[in-house]
Amino acid sequence: MKSYKLHFIRHGLTKANFNGQYIGITDLPLCKEGFAQLEEMTELRYPLIEKIYTSPLERCIQTGMMLFPNQELLTVSELREMDLGEFEGKKMEELQDVPEFQSWLRDNMNNPPPNGETGRAYVERLVQGIDKVLRDMMDNQIFDAAVVVSGTAIMTIMALLAFPRKPMGEWNCPCGAGFTALITPQIWLRDRVFESFGVVPLSEEEEDLDWLEQKQYENGFDYEDEE
């Protein structure tokens, strides 16, 4: 059985990043600095993908279209950022004396922001989104795809679902960069886990491996069939 590659990539910069604001489902576009940074990153080596999946937020759609122009793009509502409720658009200094904010910092899995979403609901939704992406890939014979989401979504997904296990903070990545997951359908359907396979953009060593696997794919060779 063939494995599937998902390249989780963080969307580009928005004004909220510079302003130090908490932004979840607020639909901000990329700022001019975000566009400029991604324009520079298009000169780097990104994987050869067959489809883009993104959060429905504009910043994710814009990032996907910049890094992978002319590729089919599908938005997946479950991959949107966490709903921060009344914390949306606020800065740390505005919230530090708010009791609900302190409760959220202590345990966001169970203590949502006022009128917001618990971390538990967020995680469950993200897993549903990845499952929807993988099923679409299987239905359409797509074996290599990009998933453009927020940095928080990437850290959450990789910390909970990727092997080898690493703390959430070690899955932090710059805008326009991210990590590659190698997913075996049988293992995913049984355990909801996958293998961490590398970083995006590709390093020189990973470029060689990606080229080899691409040639094997074009030639109809699947190394898993040899086992």
# chains A, B, ... in the order shown; residues from 1 in each chain; ligands from 1
>>> closest_atom_pairs(of="range 78-164 of chain A", to="range 29-53 of chain A", cutoff="8 Å", atoms="only C-alpha atoms", output="CSV")
residue,atom,partner,partner_atom,distance
A:Val133,CA,A:Tyr53,CA,7.2
A:Ile142,CA,A:Glu50,CA,6.4
A:Phe143,CA,A:Glu50,CA,7.4
A:Asp144,CA,A:Ile49,CA,5.0
A:Ala145,CA,A:Ile49,CA,4.9
A:Ala146,CA,A:Ile52,CA,4.8
A:Val147,CA,A:Tyr53,CA,4.7
A:Val148,CA,A:Tyr53,CA,6.4
>>> select_by_dssp(residues="chain A", states="strand (DSSP E)", output="PyMOL selection string")
chain A and resi 4-10+51-54+73-75+144-149+162-163+178-183+194-200
>>> residues_around(residues="range 95-111 of chain A", least_positions_apart="3", cutoff="10 Å", atoms="only C-alpha atoms", output="list in words")
Glu86, Phe87, Lys90, Lys91, Met92, Pro114, Gly116, Glu117, Thr118, Gly119, Arg120, Ala121, Tyr122 and Val123 of chain A
>>> write_last_selection(atoms="N, CA, C and O atoms", output="PDB file, in the first residue's frame")
ATOM      1  N   GLU A  86     -13.656  36.201  22.952  1.00  0.00           N
ATOM      2  CA  GLU A  86     -13.440  37.592  23.351  1.00  0.00           C
ATOM      3  C   GLU A  86     -11.961  37.976  23.429  1.00  0.00           C
ATOM      4  O   GLU A  86     -11.637  39.146  23.645  1.00  0.00           O
ATOM      5  N   PHE A  87     -11.060  36.999  23.244  1.00  0.00           N
ATOM      6  CA  PHE A  87      -9.630  37.315  23.218  1.00  0.00           C
ATOM      7  C   PHE A  87      -9.166  37.750  21.826  1.00  0.00           C
ATOM      8  O   PHE A  87      -8.038  38.243  21.678  1.00  0.00           O
ATOM      9  N   LYS A  90      -6.970  40.998  20.881  1.00  0.00           N
ATOM     10  CA  LYS A  90      -6.422  41.600  22.092  1.00  0.00           C
ATOM     11  C   LYS A  90      -4.929  41.303  22.213  1.00  0.00           C
ATOM     12  O   LYS A  90      -4.422  40.316  21.667  1.00  0.00           O
ATOM     13  N   LYS A  91      -4.224  42.144  22.964  1.00  0.00           N
ATOM     14  CA  LYS A  91      -2.807  41.948  23.247  1.00  0.00           C
ATOM     15  C   LYS A  91      -2.636  41.389  24.654  1.00  0.00           C
ATOM     16  O   LYS A  91      -3.540  41.499  25.493  1.00  0.00           O
ATOM     17  N   MET A  92      -1.492  40.795  24.902  1.00  0.00           N
ATOM     18  CA  MET A  92      -1.202  40.193  26.200  1.00  0.00           C
ATOM     19  C   MET A  92      -1.434  41.183  27.339  1.00  0.00           C
ATOM     20  O   MET A  92      -2.054  40.851  28.354  1.00  0.00           O
ATOM     21  N   PRO A 114     -13.914  33.302  26.808  1.00  0.00           N
ATOM     22  CA  PRO A 114     -15.349  33.615  26.779  1.00  0.00           C
ATOM     23  C   PRO A 114     -15.868  33.634  25.338  1.00  0.00           C
ATOM     24  O   PRO A 114     -15.289  34.287  24.469  1.00  0.00           O
ATOM     25  N   GLY A 116     -15.542  31.416  23.204  1.00  0.00           N
ATOM     26  CA  GLY A 116     -14.570  30.796  22.305  1.00  0.00           C
ATOM     27  C   GLY A 116     -14.624  29.287  22.348  1.00  0.00           C
ATOM     28  O   GLY A 116     -15.611  28.682  22.772  1.00  0.00           O
ATOM     29  N   GLU A 117     -13.537  28.664  21.947  1.00  0.00           N
ATOM     30  CA  GLU A 117     -13.455  27.225  21.727  1.00  0.00           C
ATOM     31  C   GLU A 117     -12.442  26.605  22.675  1.00  0.00           C
ATOM     32  O   GLU A 117     -11.376  27.168  22.908  1.00  0.00           O
ATOM     33  N   THR A 118     -12.761  25.436  23.228  1.00  0.00           N
ATOM     34  CA  THR A 118     -11.790  24.740  24.069  1.00  0.00           C
ATOM     35  C   THR A 118     -10.687  24.149  23.205  1.00  0.00           C
ATOM     36  O   THR A 118     -10.888  23.834  22.028  1.00  0.00           O
ATOM     37  N   GLY A 119      -9.526  23.964  23.806  1.00  0.00           N
ATOM     38  CA  GLY A 119      -8.442  23.291  23.111  1.00  0.00           C
ATOM     39  C   GLY A 119      -8.822  21.887  22.707  1.00  0.00           C
ATOM     40  O   GLY A 119      -8.408  21.395  21.649  1.00  0.00           O
ATOM     41  N   ARG A 120      -9.627  21.228  23.530  1.00  0.00           N
ATOM     42  CA  ARG A 120     -10.059  19.860  23.221  1.00  0.00           C
ATOM     43  C   ARG A 120     -10.887  19.829  21.938  1.00  0.00           C
ATOM     44  O   ARG A 120     -10.686  18.981  21.061  1.00  0.00           O
ATOM     45  N   ALA A 121     -11.826  20.771  21.821  1.00  0.00           N
ATOM     46  CA  ALA A 121     -12.646  20.831  20.611  1.00  0.00           C
ATOM     47  C   ALA A 121     -11.787  21.173  19.387  1.00  0.00           C
ATOM     48  O   ALA A 121     -12.008  20.655  18.284  1.00  0.00           O
ATOM     49  N   TYR A 122     -10.808  22.043  19.596  1.00  0.00           N
ATOM     50  CA  TYR A 122      -9.894  22.444  18.521  1.00  0.00           C
ATOM     51  C   TYR A 122      -9.107  21.239  18.003  1.00  0.00           C
ATOM     52  O   TYR A 122      -9.028  21.004  16.790  1.00  0.00           O
ATOM     53  N   VAL A 123      -8.554  20.458  18.917  1.00  0.00           N
ATOM     54  CA  VAL A 123      -7.783  19.276  18.526  1.00  0.00           C
ATOM     55  C   VAL A 123      -8.657  18.292  17.766  1.00  0.00           C
ATOM     56  O   VAL A 123      -8.267  17.767  16.714  1.00  0.00           O
TER      57      VAL A 123
END
>>> residues_around(residues="Gly198 in chain A", least_positions_apart="4", cutoff="10 Å", atoms="only C-alpha atoms", output="list of chain:residue names")
A:His7, A:Gly178, A:Phe179, A:Thr180, A:Ala181, A:Leu182, A:Leu202, A:Ser203, A:Glu206
>>> residues_around(residues="Met168 in chain A", least_positions_apart="2", cutoff="6 Å", atoms="only C-alpha atoms", output="list in words")
Met155, Ala159, Glu170 and Trp171 of chain A
>>> select_by_dssp(residues="range 56-144 of chain A", states="alpha helix (DSSP H)", output="count of residues only")
43
>>> closest_residue(among="A:Leu126, A:Arg59, A:Gly64, A:Met138", to="Thr14 in chain A", atoms="only C-alpha atoms")
A:Arg59
>>> closest_residue(among="A:Leu84, A:Ala177, A:Met65, A:Ile157", to="Ser196 in chain A", atoms="only C-alpha atoms")
A:Ile157
>>> closest_residue(among="A:Ser55, A:Asn17, A:Ser77, A:Thr156", to="Cys175 in chain A", atoms="only C-alpha atoms")
A:Asn17
>>> closest_residue(among="A:Gln62, A:Gln21, A:Thr184, A:Asn115", to="Leu134 in chain A", atoms="only C-alpha atoms")
A:Thr184
>>> closest_residue(among="A:Phe8, A:Phe68, A:Phe163, A:Tyr22", to="Glu195 in chain A", atoms="only C-alpha atoms")
A:Phe163
>>> atom_distance(atom1="CA of His11 in chain A", atom2="CA of Glu93 in chain A")
25.2 Å
>>> closest_residue(among="A:Gly85, A:Gly176, A:Gly129, A:Pro164", to="Val193 in chain A", atoms="only C-alpha atoms")
A:Pro164
>>> atom_distance(atom1="CA of Arg10 in chain A", atom2="CA of Thr54 in chain A")
10.2 Å
>>> atom_distance(atom1="CA of Thr26 in chain A", atom2="CA of Arg80 in chain A")
10.0 Å
